[in-house]
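Notes follow the structure.
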Amino acid sequence: MQKRREKEMLKLIKNFTKKEWILALICLVLVVTQVWLELKMPDYMSEITKLVQTEGSQMKDILVNGGYMLTCALGSLVAAVITGYITSRISSNFSKTIRKKLFNKVEDLAMQEVKQFSTSSLITRTTNDITQIEMLIAMGLQLLIKAPITAIWAITKILNKSWQWSAITAVAVAILMTTIAIIMVIVLPRFKKVQKLIDKLNGVTRENLTGIRVVRAFNAEQYQEEKFDKANNNLTNQQLFNQKVFAVMQPMMYIIMYMVILSIYYVGAYLIKDAGMADKISLFGDMVVFSSYAMQVIMSFLMLAMIFMMLPRAQVSANRINEVLDTEISIKDGKINTKTNNEVGTVEFKNVSFRYNEHSENVLENISFTAKQGETIGIIGSTGCGKSSFVNLIPRLYDVSCGEILIGKTNIKDISLSQLRENIGIVLQENILFSGTIESNIRFGNENASKDMIIDSAVNAQAYEFINNKEDKFDSEVEQRAKNLSGGQKQRLSIARTLIRNPKIFIMDDSSSALDMATEAKLQNSIKETMKDSTVIVIAQRISGVMDADKIIVMDDGKIANIGTHKELLKTSEIYRSIAVSQLGEEVLESVG
């Protein structure tokens with residue numbers, strides 16, 4: 001398991017650019033310089049100690065060695081500052097690269113792959129998880145390089161001083177490493193849980209904010225607060241446990257550090273007492289130097305301990321990021337460009353079946369029909385009969401499980417996704433608009449559209465009147481999720497956004513349900529005129545939305561129950577007749593005799 005986590009981290013590190021590797025190499029040189037300067041200072045301190053205790057020593061010699069110490073300290077500081085700047089730049093650029101890569105990956109995922117991860121989880125992975133990696137790199141490029149170099153270098157300098165002092169240092173390091181190992185074993189499994197709890201908290205918060213009007217309408221603030229408190233408390237309690245365990249480390253470090261100093265001086269006192277007069281000064285100097293180097297060794301392992309505190313959570317975050325990056329994209333891009341195909345508006349379903357995943361039942365089964373270019377196809381049926389799934393297959397928001405869909409006699413799986421969707425305009429059942437202006441939302445359908453084209457599309461979508469009544473007209477602000485617009489206004493702007501594309505295939509997924517009958521009738525006439533050369537597919541709950549179509553497909557439980565015109569279906573389809581009677585009354589039957 002540990003090896004797998006390390007591999008996940010290495011996968012991300014491979015995203016370093018050549019420039020970042022060069023900067024990391026510069027950091028290595030600076031860190032080595034910094035360590036060398038820091039480890040030179042005890043030597044000068046030892047020399048000063050000997051000079052102070054030696055008769056005839058001159059102040060000039062003491063000041064010279066003191067000057068060397070100050071120079072080493074200043075050089076170490078400068079190297080540390082430059083290293084900090086470079087590591088911050090490397091980590092920031094790296095997180096920017098990974099964040100962009102993660103965002104682009106999510107953009108490419110099919111709908112069924114996106115549903116493997118919740119929206120809140122994807123947000124956490126793009127923000128919090130990447131931040132954990134960024135912090136590790138920023139600290140790791142300094143401490144992870146500095147700590148082992150310092151430890152090894154310091155150990156080589158003290159090995160020949162005294163086996164007693166070396167033994168004390170070795171025992172201290174062993175206790176320190178054992179403490180770190182125990183803490184890691186306790187905390188490591190809980191870091192993954194922390195990230196999942198953050199996902200949960202983000203999910204509850206997001207759900208509450210998006211549904212705030214419903215919460216207030218049902219006077220459910222208390223219920224939502226309790227729901228949030230539960231998620232918040234779970235995260236807090238888990239974090240508290242982790243921090244309590246880690247809190248043991250700092251006092252343990254200081255206890256070990258002070259015990260090492262005390263032990264070195266205690267043993268040193270006996271060594272100096274038993275030594276000859278000539279060796280006393282030398283032993284005293286060695287003791288001062290050894291205590292300084294021993295502190296360097298302990299501090300090195302303390303730095304490693306800081307990295308070990310960050311590493312487990314960063315490893316969990318790396319795993320979560322790679323889960324998204326490594327997700328195989330099921331909808332593969334085709335290679336055929338359809339611009340040269342004159343029959344690009346013709347849509348043909350051949351024995352199409354569809355299920356959301358291999359473990360679920362078929363949502364659509366054995367669907368076959370042809371819509372010729374210029375025809376209007378209506379689709380109607382009860383709620384949950386597969387109407388939306390039907391049209392989501394055409395722009396390949398999902399891929400068919402069985403059979404094939406042809407556009408212009410070409411299998412849509414062979415057509416490049418960008419070109420396929422360039423030829424399709426779809427108004428989804430859920431009308432999503434983006435923060436900005438009315439004009440920017442309509443222009444979203446065609447970024448090269450002129451002002452006249454934007455106005456024409458608004459007129460054809462029956463949206464111009466309400467836009468013109470606003471103070472800022474097309475420059476009027478649209479809030480996030482279009483909260484300042486009514487359902488009907490959002491639908492009409494969504495239709496205008498699609499009309500401005502002038503697509504070869506125009507799909508409306510129950511996207512006029514919020515309009516009154518008169519406005520819907522005007523909209524149908526406008527679409528019939530502006531989209532006369534395109535294939536129009538209309539899903540509707542109201543029979544008035546499809547009754548003028550060239551063909552009407554009646555769906556029932558994921559299958560095509562009947563196909564025909566309005567008059568034909570009134571005679572041949574029980575389902576269609578019952579819908580017509582319930583919505584239009586018995587007189588609709590009299591009109592067909």
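So you can find residues: chains in the structure tokens are A, B, ... in the order shown, residues in each start at 1, and ligands are numbered from 1 in order.
Omitting Ile552 of chain A and its sequence neighbours fewer than 5 positions away, and counting only C-alpha atoms, the residues within 9 Å are Thr376, Ile377, Gly378, Ile379, Ile380, Val546, Met547, Asn562, Ile563, Gly564, Thr565, His566 and Leu569 of chain A.
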Could you dump the residues just selected with N, CA, C and O atoms as a short mmCIF file (atom, residue, chain, number, x, y, z; two decimals), in the first residue's frame?
```
data_model
loop_
_atom_site.label_atom_id
_atom_site.label_comp_id
_atom_site.auth_asym_id
_atom_site.auth_seq_id
_atom_site.Cartn_x
_atom_site.Cartn_y
_atom_site.Cartn_z
N THR A 376 -39.15 17.81 -38.86
CA THR A 376 -39.33 18.06 -37.42
C THR A 376 -39.86 16.79 -36.79
O THR A 376 -40.88 16.25 -37.22
N ILE A 377 -39.14 16.32 -35.78
CA ILE A 377 -39.50 15.08 -35.08
C ILE A 377 -39.92 15.43 -33.66
O ILE A 377 -39.20 16.11 -32.92
N GLY A 378 -41.10 15.01 -33.27
CA GLY A 378 -41.57 15.20 -31.90
C GLY A 378 -41.41 13.91 -31.11
O GLY A 378 -41.60 12.82 -31.65
N ILE A 379 -41.07 14.02 -29.86
CA ILE A 379 -40.94 12.85 -28.98
C ILE A 379 -41.78 13.13 -27.74
O ILE A 379 -41.61 14.16 -27.07
N ILE A 380 -42.66 12.21 -27.41
CA ILE A 380 -43.55 12.39 -26.27
C ILE A 380 -43.71 11.07 -25.54
O ILE A 380 -43.51 9.99 -26.13
N VAL A 546 -45.69 19.16 -29.91
CA VAL A 546 -45.25 18.22 -30.94
C VAL A 546 -46.31 17.93 -32.00
O VAL A 546 -46.01 17.28 -33.00
N MET A 547 -47.50 18.41 -31.81
CA MET A 547 -48.61 17.98 -32.69
C MET A 547 -48.43 18.41 -34.15
O MET A 547 -48.98 17.79 -35.06
N ASN A 562 -45.07 3.89 -30.80
CA ASN A 562 -45.69 4.22 -32.08
C ASN A 562 -44.93 5.37 -32.75
O ASN A 562 -44.29 6.16 -32.06
N ILE A 563 -45.03 5.43 -34.08
CA ILE A 563 -44.50 6.57 -34.84
C ILE A 563 -45.56 6.98 -35.85
O ILE A 563 -46.16 6.12 -36.52
N GLY A 564 -45.78 8.30 -35.96
CA GLY A 564 -46.75 8.76 -36.94
C GLY A 564 -47.00 10.24 -36.79
O GLY A 564 -46.37 10.92 -35.97
N THR A 565 -47.95 10.77 -37.56
CA THR A 565 -48.35 12.16 -37.42
C THR A 565 -49.38 12.26 -36.29
O THR A 565 -49.84 11.24 -35.76
N HIS A 566 -49.75 13.49 -35.97
CA HIS A 566 -50.72 13.72 -34.90
C HIS A 566 -52.04 12.98 -35.20
O HIS A 566 -52.56 12.25 -34.34
N LEU A 569 -51.66 9.10 -35.06
CA LEU A 569 -51.49 8.55 -33.71
C LEU A 569 -52.77 8.61 -32.90
O LEU A 569 -53.00 7.77 -32.02
#
```
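Every protein or nucleic acid residue with an atom no more than 8 Å from segment 15-19 of chain A, counting only C-alpha atoms and leaving out same-chain residues fewer than 3 positions away, appears here: Lys11, Leu12, Ile22, Leu23, Phe94, Thr97 and Ile98 of chain A.
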With N, CA and C atoms retained, export the selected residues as a compact mmCIF listing (two decimals), in the first residue's frame.
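Below is the file that was written, out-v8.txt:
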```
# COMPACT_ATOMS: atom_id res chain seq x y z
N LYS A 11 4.01 9.91 -9.88
CA LYS A 11 3.25 10.21 -11.11
C LYS A 11 3.05 11.71 -11.26
N LEU A 12 2.72 12.36 -10.15
CA LEU A 12 2.50 13.80 -10.21
C LEU A 12 3.80 14.57 -10.39
N ILE A 22 15.42 22.28 -13.41
CA ILE A 22 16.64 23.09 -13.31
C ILE A 22 16.62 23.91 -12.01
N LEU A 23 15.46 24.50 -11.71
CA LEU A 23 15.32 25.27 -10.48
C LEU A 23 15.50 24.38 -9.25
N PHE A 94 3.78 24.36 -10.25
CA PHE A 94 3.40 22.96 -10.32
C PHE A 94 1.91 22.79 -10.03
N THR A 97 -0.13 23.89 -12.92
CA THR A 97 -0.13 22.90 -14.00
C THR A 97 -1.09 21.76 -13.71
N ILE A 98 -1.03 21.23 -12.48
CA ILE A 98 -1.89 20.10 -12.11
C ILE A 98 -3.35 20.52 -12.08
```
Per residue of segment 169-228 of chain A within 12 Å of segment 297-314 of chain A, note the shortest atom pair and the distance in Å to one decimal, counting only C-alpha atoms, and order the rows by chain and increasing residue number, as CSV.
```
residue,atom,partner,partner_atom,distance
A:Thr169,CA,A:Ile298,CA,8.1
A:Ala170,CA,A:Val297,CA,9.7
A:Val171,CA,A:Ile298,CA,11.0
A:Ala172,CA,A:Ile298,CA,7.9
A:Val173,CA,A:Ile298,CA,6.8
A:Ala174,CA,A:Phe301,CA,10.3
A:Ile175,CA,A:Ile298,CA,10.9
A:Leu176,CA,A:Phe301,CA,7.7
A:Met177,CA,A:Phe301,CA,7.9
A:Thr178,CA,A:Ala305,CA,11.1
A:Thr179,CA,A:Ala305,CA,9.7
A:Ile180,CA,A:Ala305,CA,6.6
A:Ala181,CA,A:Phe308,CA,9.2
A:Ile182,CA,A:Phe308,CA,11.7
A:Ile183,CA,A:Met309,CA,8.9
A:Met184,CA,A:Phe308,CA,7.7
A:Val185,CA,A:Pro312,CA,10.1
A:Ile186,CA,A:Pro312,CA,11.1
A:Val187,CA,A:Pro312,CA,8.3
A:Leu188,CA,A:Pro312,CA,5.7
A:Pro189,CA,A:Pro312,CA,8.6
A:Arg190,CA,A:Arg313,CA,8.9
A:Phe191,CA,A:Arg313,CA,5.4
A:Lys192,CA,A:Arg313,CA,7.2
A:Lys193,CA,A:Arg313,CA,10.0
A:Val194,CA,A:Arg313,CA,8.8
A:Gln195,CA,A:Arg313,CA,8.5
A:Lys196,CA,A:Arg313,CA,11.9
```
Residues just named, written with N, CA, C and O atoms as an mmCIF file, in the first residue's frame:
```cif
data_model
loop_
_atom_site.group_PDB
_atom_site.id
_atom_site.type_symbol
_atom_site.label_atom_id
_atom_site.label_comp_id
_atom_site.auth_asym_id
_atom_site.auth_seq_id
_atom_site.Cartn_x
_atom_site.Cartn_y
_atom_site.Cartn_z
ATOM 1 N N THR A 169 23.758 10.123 21.116
ATOM 2 C CA THR A 169 23.066 10.663 19.931
ATOM 3 C C THR A 169 22.300 9.572 19.192
ATOM 4 O O THR A 169 21.158 9.776 18.751
ATOM 5 N N ALA A 170 22.889 8.393 19.073
ATOM 6 C CA ALA A 170 22.248 7.273 18.375
ATOM 7 C C ALA A 170 20.969 6.840 19.088
ATOM 8 O O ALA A 170 19.936 6.578 18.449
ATOM 9 N N VAL A 171 21.027 6.762 20.418
ATOM 10 C CA VAL A 171 19.834 6.381 21.200
ATOM 11 C C VAL A 171 18.730 7.418 21.014
ATOM 12 O O VAL A 171 17.552 7.077 20.841
ATOM 13 N N ALA A 172 19.122 8.697 21.038
ATOM 14 C CA ALA A 172 18.135 9.774 20.860
ATOM 15 C C ALA A 172 17.456 9.676 19.499
ATOM 16 O O ALA A 172 16.226 9.814 19.379
ATOM 17 N N VAL A 173 18.254 9.428 18.458
ATOM 18 C CA VAL A 173 17.697 9.295 17.101
ATOM 19 C C VAL A 173 16.768 8.089 17.020
ATOM 20 O O VAL A 173 15.692 8.154 16.408
ATOM 21 N N ALA A 174 17.144 6.989 17.641
ATOM 22 C CA ALA A 174 16.312 5.779 17.623
ATOM 23 C C ALA A 174 14.961 6.035 18.289
ATOM 24 O O ALA A 174 13.906 5.618 17.775
ATOM 25 N N ILE A 175 14.983 6.725 19.452
ATOM 26 C CA ILE A 175 13.718 7.052 20.143
ATOM 27 C C ILE A 175 12.860 7.960 19.274
ATOM 28 O O ILE A 175 11.648 7.782 19.155
ATOM 29 N N LEU A 176 13.517 8.931 18.635
ATOM 30 C CA LEU A 176 12.816 9.882 17.773
ATOM 31 C C LEU A 176 12.141 9.182 16.597
ATOM 32 O O LEU A 176 10.952 9.399 16.309
ATOM 33 N N MET A 177 12.866 8.305 15.919
ATOM 34 C CA MET A 177 12.323 7.599 14.766
ATOM 35 C C MET A 177 11.204 6.647 15.159
ATOM 36 O O MET A 177 10.215 6.494 14.432
ATOM 37 N N THR A 178 11.334 6.024 16.320
ATOM 38 C CA THR A 178 10.274 5.132 16.806
ATOM 39 C C THR A 178 8.992 5.917 17.068
ATOM 40 O O THR A 178 7.884 5.480 16.714
ATOM 41 N N THR A 179 9.151 7.100 17.691
ATOM 42 C CA THR A 179 7.990 7.954 17.961
ATOM 43 C C THR A 179 7.287 8.349 16.659
ATOM 44 O O THR A 179 6.064 8.287 16.543
ATOM 45 N N ILE A 180 8.093 8.766 15.663
ATOM 46 C CA ILE A 180 7.529 9.166 14.366
ATOM 47 C C ILE A 180 6.805 7.995 13.707
ATOM 48 O O ILE A 180 5.697 8.151 13.177
ATOM 49 N N ALA A 181 7.409 6.810 13.755
ATOM 50 C CA ALA A 181 6.807 5.623 13.131
ATOM 51 C C ALA A 181 5.469 5.291 13.769
ATOM 52 O O ALA A 181 4.483 4.984 13.068
ATOM 53 N N ILE A 182 5.387 5.349 15.109
ATOM 54 C CA ILE A 182 4.128 5.051 15.814
ATOM 55 C C ILE A 182 3.046 6.049 15.422
ATOM 56 O O ILE A 182 1.894 5.675 15.160
ATOM 57 N N ILE A 183 3.423 7.340 15.379
ATOM 58 C CA ILE A 183 2.457 8.383 15.007
ATOM 59 C C ILE A 183 1.944 8.163 13.587
ATOM 60 O O ILE A 183 0.742 8.287 13.315
ATOM 61 N N MET A 184 2.829 7.816 12.665
ATOM 62 C CA MET A 184 2.419 7.593 11.276
ATOM 63 C C MET A 184 1.453 6.413 11.162
ATOM 64 O O MET A 184 0.469 6.476 10.417
ATOM 65 N N VAL A 185 1.718 5.352 11.893
ATOM 66 C CA VAL A 185 0.852 4.163 11.847
ATOM 67 C C VAL A 185 -0.552 4.513 12.342
ATOM 68 O O VAL A 185 -1.559 4.047 11.803
ATOM 69 N N ILE A 186 -0.620 5.377 13.360
ATOM 70 C CA ILE A 186 -1.923 5.756 13.930
ATOM 71 C C ILE A 186 -2.678 6.696 13.002
ATOM 72 O O ILE A 186 -3.877 6.539 12.753
ATOM 73 N N VAL A 187 -1.969 7.694 12.443
ATOM 74 C CA VAL A 187 -2.633 8.791 11.732
ATOM 75 C C VAL A 187 -2.870 8.513 10.250
ATOM 76 O O VAL A 187 -3.875 8.935 9.689
ATOM 77 N N LEU A 188 -1.951 7.796 9.607
ATOM 78 C CA LEU A 188 -2.004 7.621 8.154
ATOM 79 C C LEU A 188 -3.361 7.154 7.633
ATOM 80 O O LEU A 188 -3.897 7.745 6.690
ATOM 81 N N PRO A 189 -3.982 6.112 8.209
ATOM 82 C CA PRO A 189 -5.268 5.663 7.654
ATOM 83 C C PRO A 189 -6.381 6.704 7.782
ATOM 84 O O PRO A 189 -7.382 6.618 7.084
ATOM 85 N N ARG A 190 -6.194 7.673 8.662
ATOM 86 C CA ARG A 190 -7.259 8.647 8.924
ATOM 87 C C ARG A 190 -7.203 9.862 7.997
ATOM 88 O O ARG A 190 -8.139 10.643 7.957
ATOM 89 N N PHE A 191 -6.090 10.014 7.275
ATOM 90 C CA PHE A 191 -5.997 11.154 6.371
ATOM 91 C C PHE A 191 -6.944 11.015 5.185
ATOM 92 O O PHE A 191 -7.518 12.000 4.717
ATOM 93 N N LYS A 192 -7.092 9.804 4.674
ATOM 94 C CA LYS A 192 -8.029 9.583 3.574
ATOM 95 C C LYS A 192 -9.450 9.901 4.026
ATOM 96 O O LYS A 192 -10.249 10.478 3.283
ATOM 97 N N LYS A 193 -9.737 9.548 5.276
ATOM 98 C CA LYS A 193 -11.057 9.831 5.834
ATOM 99 C C LYS A 193 -11.283 11.338 5.932
ATOM 100 O O LYS A 193 -12.389 11.829 5.692
ATOM 101 N N VAL A 194 -10.224 12.088 6.272
ATOM 102 C CA VAL A 194 -10.341 13.545 6.380
ATOM 103 C C VAL A 194 -10.750 14.154 5.046
ATOM 104 O O VAL A 194 -11.656 14.994 4.981
ATOM 105 N N GLN A 195 -10.103 13.725 3.953
ATOM 106 C CA GLN A 195 -10.426 14.283 2.632
ATOM 107 C C GLN A 195 -11.860 13.939 2.228
ATOM 108 O O GLN A 195 -12.547 14.762 1.627
ATOM 109 N N LYS A 196 -12.314 12.747 2.569
ATOM 110 C CA LYS A 196 -13.698 12.369 2.262
ATOM 111 C C LYS A 196 -14.681 13.199 3.081
ATOM 112 O O LYS A 196 -15.759 13.557 2.607
#
```
Determine which residues of segment 339-469 of chain A DSSP labels as helix (DSSP H, G or I) from the backbone of this structure, then write them out as an MDAnalysis selection string. chainID A and resid 387:392 412:414 417:422 438:443 451:460 464:468
Extract, using only C-alpha atoms, all DNA, RNA and protein residues at most 10 Å from Ile137 of chain A, discarding same-chain residues fewer than 6 positions from it, and format them as a ChimeraX atom specification. /A:13,87-88,90-92,94-95,131,143-144,307,311,314
Since we have the selection now, will you write its residues out, keeping C-alpha atoms, as a CSV table (one decimal), in the first residue's frame?
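Below is the file again.csv, written as the result:
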```
chain,number,residue,atom,x,y,z
A,13,ILE,CA,6.1,14.8,-9.8
A,87,THR,CA,10.7,26.5,-4.0
A,88,SER,CA,7.7,28.7,-3.7
A,90,ILE,CA,8.3,25.8,-8.3
A,91,SER,CA,5.4,24.6,-6.0
A,92,SER,CA,3.0,27.4,-7.3
A,94,PHE,CA,3.4,23.0,-10.3
A,95,SER,CA,0.0,23.3,-8.6
A,131,THR,CA,-2.8,22.6,-2.0
A,143,LEU,CA,13.7,20.2,4.3
A,144,LEU,CA,13.7,16.9,2.5
A,307,ILE,CA,7.8,16.3,6.3
A,311,LEU,CA,3.6,13.4,3.6
A,314,ALA,CA,-0.2,14.7,0.6
```
Polymer residues at most 8 Å from segment 319-324 of chain A, only C-alpha atoms, same-chain spacing of 3 or more positions, as a PyMOL selection string: chain A and resi 5+8-9+11-12+102+105-106+125-126+129-130+315-316+327
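Residues with any atom within 6 Å of Gly334 of chain A, counting only C-alpha atoms and excluding same-chain neighbours fewer than 6 positions away, are Lys413, Asp414, Ile415 and Ser416 of chain A.
For segment 166-365 of chain A, the set of residues given strand (DSSP E) by DSSP on the backbone reads Val347, Glu348, Phe349, Lys350, Asn351, Val352, Ser353, Phe354, Leu364 and Glu365 of chain A.
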Nearest to Lys483 of chain A, restricted to only C-alpha atoms and choosing among A:Lys522, A:Arg355, A:Arg213, A:Lys200, comes out as A:Arg213
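Candidate residues A:Ile145, A:Thr205, A:Leu262, A:Ile336 were compared for distance to Thr119 of chain A, and the nearest is A:Thr205, using only C-alpha atoms.
Proximity to Ile579 of chain A was assessed for A:Asn93, A:Gln541, A:Glu471, A:Gln112 counting only C-alpha atoms; the smallest distance is recorded for A:Gln541.
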Please measure the separation of atom CA of Ile500 of chain A and atom CA of Ala449 of chain A, giving the value in Å to one decimal.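 Going from atom CA of Ile500 of chain A over to atom CA of Ala449 of chain A, I get 7.5 Å.
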Rank A:Ala269, A:Met139, A:Ala73, A:Ile48 by their smallest atom-to-atom distance to Asp61 of chain A, using only C-alpha atoms, and report the top residue only. A:Ile48
